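Data from model.csv: CSV, C-alpha atoms
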```
chain,number,residue,atom,x,y,z
A,1,MET,CA,97.7,76.6,98.9
A,2,GLU,CA,96.8,72.9,98.5
A,3,ILE,CA,98.7,70.0,99.9
A,4,LYS,CA,98.0,66.3,99.0
A,5,ILE,CA,98.9,63.5,101.4
A,6,ASP,CA,98.9,60.0,99.9
A,7,ALA,CA,98.1,57.9,103.0
A,8,ARG,CA,97.0,54.8,101.1
A,9,GLY,CA,98.4,51.6,102.7
A,10,LEU,CA,99.3,53.3,105.9
A,11,SER,CA,98.0,51.7,109.1
A,12,CYS,CA,96.3,53.5,111.9
A,13,PRO,CA,97.1,56.1,113.3
A,14,LYS,CA,99.6,57.2,110.6
A,15,PRO,CA,97.1,58.9,108.2
A,16,VAL,CA,96.0,61.1,111.1
A,17,ILE,CA,99.5,61.9,112.2
A,18,GLU,CA,100.6,62.8,108.6
A,19,THR,CA,97.5,65.0,108.3
A,20,LYS,CA,98.3,66.7,111.6
A,21,LYS,CA,101.9,67.4,110.5
A,22,ALA,CA,100.7,69.0,107.3
A,23,LEU,CA,98.1,71.1,109.0
A,24,ASP,CA,100.6,72.3,111.7
A,25,GLY,CA,102.9,73.6,108.9
A,26,LEU,CA,100.1,75.3,107.0
A,27,ASN,CA,98.8,78.8,107.9
A,28,GLU,CA,96.0,78.8,105.3
A,29,GLY,CA,94.9,76.5,102.6
A,30,ASN,CA,93.6,73.0,101.9
A,31,ILE,CA,94.9,69.6,102.9
A,32,ILE,CA,93.7,66.6,100.9
A,33,THR,CA,94.4,63.3,102.6
A,34,ILE,CA,93.9,60.2,100.4
A,35,VAL,CA,93.2,56.9,102.2
A,36,ASP,CA,92.1,53.4,101.1
A,37,ASN,CA,89.8,52.3,103.9
A,38,ALA,CA,86.8,53.4,105.8
A,39,VAL,CA,88.5,53.3,109.2
A,40,ALA,CA,91.2,55.8,108.1
A,41,ARG,CA,88.6,57.9,106.4
A,42,ASP,CA,86.6,58.1,109.7
A,43,ASN,CA,89.7,58.8,111.8
A,44,VAL,CA,90.9,61.6,109.7
A,45,SER,CA,87.4,63.1,109.5
A,46,LYS,CA,87.1,62.9,113.3
A,47,PHE,CA,90.4,64.6,113.7
A,48,ALA,CA,89.3,67.5,111.5
A,49,LYS,CA,86.1,67.8,113.4
A,50,SER,CA,87.9,67.8,116.7
A,51,LYS,CA,89.9,70.7,115.5
A,52,LYS,CA,86.7,72.5,114.4
A,53,LEU,CA,87.9,72.7,110.8
A,54,HIS,CA,85.6,72.5,107.8
A,55,TYR,CA,86.1,69.3,105.8
A,56,SER,CA,84.5,67.2,103.1
A,57,VAL,CA,84.8,63.6,102.0
A,58,THR,CA,84.6,62.2,98.5
A,59,GLU,CA,85.0,58.7,97.1
A,60,SER,CA,86.6,57.8,93.8
A,61,ASN,CA,87.9,54.5,92.4
A,62,GLY,CA,87.7,52.9,95.8
A,63,TYR,CA,89.7,55.6,97.6
A,64,TYR,CA,88.6,58.4,99.9
A,65,GLU,CA,89.7,62.0,99.7
A,66,ILE,CA,89.3,64.1,102.9
A,67,SER,CA,89.6,67.8,102.2
A,68,ILE,CA,90.4,69.9,105.2
A,69,PHE,CA,90.3,73.7,105.1
A,70,LYS,CA,92.4,76.0,107.3
A,71,GLY,CA,92.7,79.7,107.8
A,72,SER,CA,90.1,81.9,106.0
A,73,TYR,CA,88.8,78.7,104.3
A,74,ALA,CA,87.9,77.2,107.7
A,75,GLU,CA,84.5,77.3,109.2
A,76,SER,CA,83.5,76.5,112.7
A,77,VAL,CA,81.6,73.3,113.2
A,78,GLU,CA,79.7,71.9,116.1
A,79,GLU,CA,82.0,70.2,118.6
A,80,MET,CA,82.0,66.4,118.4
A,81,VAL,CA,81.4,66.2,122.2
A,82,GLN,CA,79.0,68.5,123.8
A,83,LYS,CA,80.6,69.6,127.1
A,84,ARG,CA,78.6,70.3,130.3
A,85,PRO,CA,79.8,72.5,133.1
A,86,ASP,CA,79.9,69.6,135.5
A,87,LEU,CA,82.5,67.6,133.5
A,88,SER,CA,86.0,67.3,135.1
A,89,ASN,CA,89.1,67.2,132.9
A,90,LEU,CA,89.6,63.6,133.9
A,91,VAL,CA,90.2,60.5,131.6
A,92,ILE,CA,89.2,57.0,132.7
A,93,PHE,CA,91.4,54.5,130.9
A,94,ILE,CA,89.9,51.0,130.9
A,95,GLY,CA,92.1,48.2,129.5
A,96,SER,CA,90.0,45.2,130.4
A,97,GLU,CA,86.4,44.0,130.7
A,98,HIS,CA,87.2,43.0,134.3
A,99,PHE,CA,88.0,45.2,137.3
A,100,GLY,CA,91.2,44.1,139.1
A,101,LYS,CA,93.1,40.8,139.0
A,102,GLY,CA,91.9,37.4,140.2
A,103,SER,CA,88.5,36.0,139.6
A,104,GLU,CA,87.1,37.1,136.2
A,105,GLU,CA,83.5,36.5,137.4
A,106,LEU,CA,84.1,38.8,140.4
A,107,GLY,CA,86.0,41.2,138.1
A,108,ALA,CA,83.0,41.5,135.7
A,109,THR,CA,80.7,42.2,138.7
A,110,LEU,CA,83.1,44.8,140.0
A,111,MET,CA,83.3,46.5,136.6
A,112,LYS,CA,79.6,46.7,136.3
A,113,SER,CA,79.4,48.3,139.8
A,114,TYR,CA,82.2,50.7,139.0
A,115,LEU,CA,80.6,52.0,135.9
A,116,TYR,CA,77.2,52.3,137.7
A,117,ALA,CA,78.9,54.3,140.4
A,118,LEU,CA,80.8,56.4,137.9
A,119,SER,CA,77.5,57.3,136.1
A,120,GLU,CA,76.1,58.5,139.5
A,121,HIS,CA,79.1,60.5,140.6
A,122,GLU,CA,79.7,64.2,139.8
A,123,PRO,CA,81.6,65.7,138.2
A,124,TYR,CA,81.5,63.3,135.4
A,125,PRO,CA,84.8,62.4,133.6
A,126,LYS,CA,85.5,64.2,130.3
A,127,THR,CA,86.5,60.9,128.5
A,128,VAL,CA,86.3,57.2,129.0
A,129,ILE,CA,88.8,55.3,126.9
A,130,LEU,CA,88.2,51.6,126.2
A,131,VAL,CA,91.1,49.4,125.0
A,132,ASN,CA,92.0,45.7,124.6
A,133,SER,CA,89.1,43.6,126.1
A,134,GLY,CA,87.7,46.8,127.6
A,135,VAL,CA,86.0,47.4,124.3
A,136,LYS,CA,83.6,44.6,125.2
A,137,LEU,CA,82.0,47.0,127.7
A,138,SER,CA,80.7,49.2,124.8
A,139,THR,CA,79.7,46.3,122.5
A,140,VAL,CA,78.7,42.8,123.8
A,141,ASN,CA,78.5,43.4,127.6
A,142,THR,CA,74.8,44.2,128.1
A,143,ASN,CA,75.5,44.8,131.8
A,144,THR,CA,77.5,47.9,131.2
A,145,ILE,CA,76.0,49.5,128.0
A,146,ASP,CA,73.3,51.5,129.9
A,147,TYR,CA,75.8,53.1,132.3
A,148,LEU,CA,78.1,54.1,129.4
A,149,LYS,CA,75.1,55.6,127.6
A,150,LYS,CA,74.1,57.5,130.7
A,151,LEU,CA,77.6,59.0,130.8
A,152,VAL,CA,77.4,60.0,127.2
A,153,GLU,CA,74.1,61.7,127.9
A,154,PHE,CA,75.8,63.8,130.6
A,155,GLY,CA,78.5,64.8,128.1
A,156,THR,CA,81.2,62.3,128.7
A,157,GLU,CA,83.0,61.1,125.6
A,158,VAL,CA,83.3,57.3,125.4
A,159,ILE,CA,85.8,56.1,122.8
A,160,SER,CA,86.7,52.5,121.9
A,161,CYS,CA,90.0,51.6,120.3
A,162,GLY,CA,89.4,50.7,116.6
A,163,ALA,CA,92.3,48.2,116.4
A,164,CYS,CA,91.0,46.5,119.5
A,165,LEU,CA,87.5,46.3,118.0
A,166,ASP,CA,89.0,44.8,114.9
A,167,TYR,CA,91.0,42.2,116.9
A,168,TYR,CA,87.9,41.0,118.7
A,169,ASN,CA,85.7,41.3,115.6
A,170,LEU,CA,83.4,43.7,117.5
A,171,LYS,CA,83.3,46.8,115.4
A,172,GLU,CA,79.8,46.1,114.0
A,173,PHE,CA,78.6,45.5,117.5
A,174,LEU,CA,79.5,49.0,118.9
A,175,MET,CA,76.5,50.2,120.9
A,176,VAL,CA,77.7,53.3,122.6
A,177,GLY,CA,80.4,56.0,121.9
A,178,GLU,CA,82.8,56.4,119.0
A,179,VAL,CA,85.5,54.4,117.4
A,180,SER,CA,88.9,56.0,117.8
A,181,ASN,CA,92.6,55.5,117.1
A,182,MET,CA,95.8,55.4,119.2
A,183,TYR,CA,96.8,59.0,118.2
A,184,ALA,CA,93.5,60.4,119.5
A,185,ILE,CA,93.8,58.3,122.6
A,186,VAL,CA,97.3,59.8,123.3
A,187,GLU,CA,95.9,63.3,122.7
A,188,LYS,CA,93.0,62.8,125.1
A,189,MET,CA,95.4,61.5,127.9
A,190,ALA,CA,97.9,64.3,127.3
A,191,GLU,CA,95.3,67.0,127.5
A,192,ALA,CA,93.7,65.6,130.7
A,193,ASN,CA,94.5,67.0,134.2
A,194,ASN,CA,94.5,63.4,135.5
A,195,THR,CA,94.1,59.9,134.1
A,196,ILE,CA,92.8,57.0,136.1
A,197,THR,CA,93.8,53.6,134.7
A,198,LEU,CA,91.8,50.4,135.5
```
Spell out the structure here as structure tokens.
Amino acid sequence: MEIKIDARGLSCPKPVIETKKALDGLNEGNIITIVDNAVARDNVSKFAKSKKLHYSVTESNGYYEISIFKGSYAESVEEMVQKRPDLSNLVIFIGSEHFGKGSEELGATLMKSYLYALSEHEPYPKTVILVNSGVKLSTVNTNTIDYLKKLVEFGTEVISCGACLDYYNLKEFLMVGEVSNMYAIVEKMAEANNTITL
């Protein structure tokens, strides 16, 4: 069975949500999601990969078609995040480049110290989510990049909100982790045993 989803013109995270709905209702077959921008293409592809489903991407006339196979058509693929035994099922949700309220200068220093301490503390969190100005920690803030990279090396998933990167014009400056969407962020938080919000 083959189902086509025309997600052209839909804003993030609607292409992923529509793809998920179609996959949930399909026991076996092929879902083809059509999108008109690279961000949607990447988000749908990452969703398929996170579900360990075989997928392929083709481009035609300026549009992208992501074919996702389920059931006997599906093949296991390597997980997007390589988990280590010492990871906890914990999400760290960072919504600002500063730690706490008050002095931004002090807040920047505290955030640097926090991420350093986090990179030295076991068990490491499963996921670090960066939203709003928090995405500056994975892009232009050179004081925090190395600590986030260290967490990634230990197996922690670091994801930055794509809409936030676009808002601050920082997508091309991403230095660590992956670009994600709000649906994936909701999933990560829902699956975690605990979420710490900064």
At most 12 Å from (96.8, 60.9, 138.7), file frame, only C-alpha atoms: which residues, as a CSV table (one decimal) with C-alpha atoms, in the frame of the given file?
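This is the output file out_35.csv:
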```
chain,number,residue,atom,x,y,z
A,89,ASN,CA,89.1,67.2,132.9
A,90,LEU,CA,89.6,63.6,133.9
A,91,VAL,CA,90.2,60.5,131.6
A,92,ILE,CA,89.2,57.0,132.7
A,93,PHE,CA,91.4,54.5,130.9
A,189,MET,CA,95.4,61.5,127.9
A,190,ALA,CA,97.9,64.3,127.3
A,192,ALA,CA,93.7,65.6,130.7
A,193,ASN,CA,94.5,67.0,134.2
A,194,ASN,CA,94.5,63.4,135.5
A,195,THR,CA,94.1,59.9,134.1
A,196,ILE,CA,92.8,57.0,136.1
A,197,THR,CA,93.8,53.6,134.7
```
Which is closest to Gly100 of chain A among A:Ser56, A:Leu198, A:Ile31, A:Phe47, if we use only C-alpha atoms? A:Leu198
With a distance cut-off of 7 Å and all atoms listed in the file, select the neighbouring residues of Ile5 of chain A, excluding the residue or stretch itself and same-chain residues fewer than 2 positions from it, and output the selection as a short mmCIF file (atom, residue, chain, number, x, y, z; two decimals) with C-alpha atoms, in the coordinates of the input.
```cif
data_model
loop_
_atom_site.label_atom_id
_atom_site.label_comp_id
_atom_site.auth_asym_id
_atom_site.auth_seq_id
_atom_site.Cartn_x
_atom_site.Cartn_y
_atom_site.Cartn_z
CA ILE A 3 98.70 70.00 99.90
CA ALA A 7 98.10 57.90 103.00
CA ILE A 32 93.70 66.60 100.90
CA THR A 33 94.40 63.30 102.60
CA ILE A 34 93.90 60.20 100.40
#
```
Distance atom CA of Tyr124 of chain A-atom CA of Leu151 of chain A, one decimal place?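 If I compute the distance from atom CA of Tyr124 of chain A to atom CA of Leu151 of chain A, I get 7.4 Å.
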Contact residues around segment 171-187 of chain A with only C-alpha atoms at 7 Å, ignoring same-chain residues under 5 positions, as a PyMOL selection string: chain A and resi 12-13+43+138-140+145+148-149+157-162+165-166
Please work out which residues fall within 12 Å of (99.6, 72.6, 97.9), coordinates as given in the file, with only C-alpha atoms counting, and return them as a list in words.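 The distance filter leaves exactly Met1, Glu2, Ile3, Lys4, Ile5, Ala22, Leu23, Gly25, Leu26, Asn27, Glu28, Gly29, Asn30, Ile31, Ile32, Thr33, Ser67 and Phe69 of chain A.
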Could you dump the residues just selected with C-alpha atoms as a PDB file, in the coordinates of the input?
```
ATOM      1  CA  MET A   1      97.700  76.600  98.900  1.00  0.00           C
ATOM      2  CA  GLU A   2      96.800  72.900  98.500  1.00  0.00           C
ATOM      3  CA  ILE A   3      98.700  70.000  99.900  1.00  0.00           C
ATOM      4  CA  LYS A   4      98.000  66.300  99.000  1.00  0.00           C
ATOM      5  CA  ILE A   5      98.900  63.500 101.400  1.00  0.00           C
ATOM      6  CA  ALA A  22     100.700  69.000 107.300  1.00  0.00           C
ATOM      7  CA  LEU A  23      98.100  71.100 109.000  1.00  0.00           C
ATOM      8  CA  GLY A  25     102.900  73.600 108.900  1.00  0.00           C
ATOM      9  CA  LEU A  26     100.100  75.300 107.000  1.00  0.00           C
ATOM     10  CA  ASN A  27      98.800  78.800 107.900  1.00  0.00           C
ATOM     11  CA  GLU A  28      96.000  78.800 105.300  1.00  0.00           C
ATOM     12  CA  GLY A  29      94.900  76.500 102.600  1.00  0.00           C
ATOM     13  CA  ASN A  30      93.600  73.000 101.900  1.00  0.00           C
ATOM     14  CA  ILE A  31      94.900  69.600 102.900  1.00  0.00           C
ATOM     15  CA  ILE A  32      93.700  66.600 100.900  1.00  0.00           C
ATOM     16  CA  THR A  33      94.400  63.300 102.600  1.00  0.00           C
ATOM     17  CA  SER A  67      89.600  67.800 102.200  1.00  0.00           C
ATOM     18  CA  PHE A  69      90.300  73.700 105.100  1.00  0.00           C
TER      19      PHE A  69
END
```
Of the residues A:Tyr64, A:Val128, A:Leu106, A:Lys101, which is the one nearest to Asp6 of chain A, using only C-alpha atoms?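 Among A:Tyr64, A:Val128, A:Leu106, A:Lys101, it is A:Tyr64 that comes nearest to Asp6 of chain A.
Note that the spacing between atom CA of Glu59 of chain A and atom CA of Asp36 of chain A amounts to 9.7 Å.
For the pair atom CA of Gly95 of chain A and atom CA of Ser11 of chain A, the interatomic distance is 21.5 Å.
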Select, from A:Tyr147, A:Tyr168, A:Thr127, A:Asn132, the residue with the minimum atom-to-atom distance to Ser113 of chain A, counting only C-alpha atoms.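 The shortest atom-to-atom distance to Ser113 of chain A comes from A:Tyr147.
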Rank A:Lys20, A:Lys188, A:Lys136, A:Lys150 by their smallest atom-to-atom distance to Leu115 of chain A, using only C-alpha atoms, and report the top residue only. A:Lys150
Have a look at A:Val57, A:Ile17, A:Leu87, A:Leu10 and name the one nearest to Gly155 of chain A; count all atoms listed in the file. A:Leu87
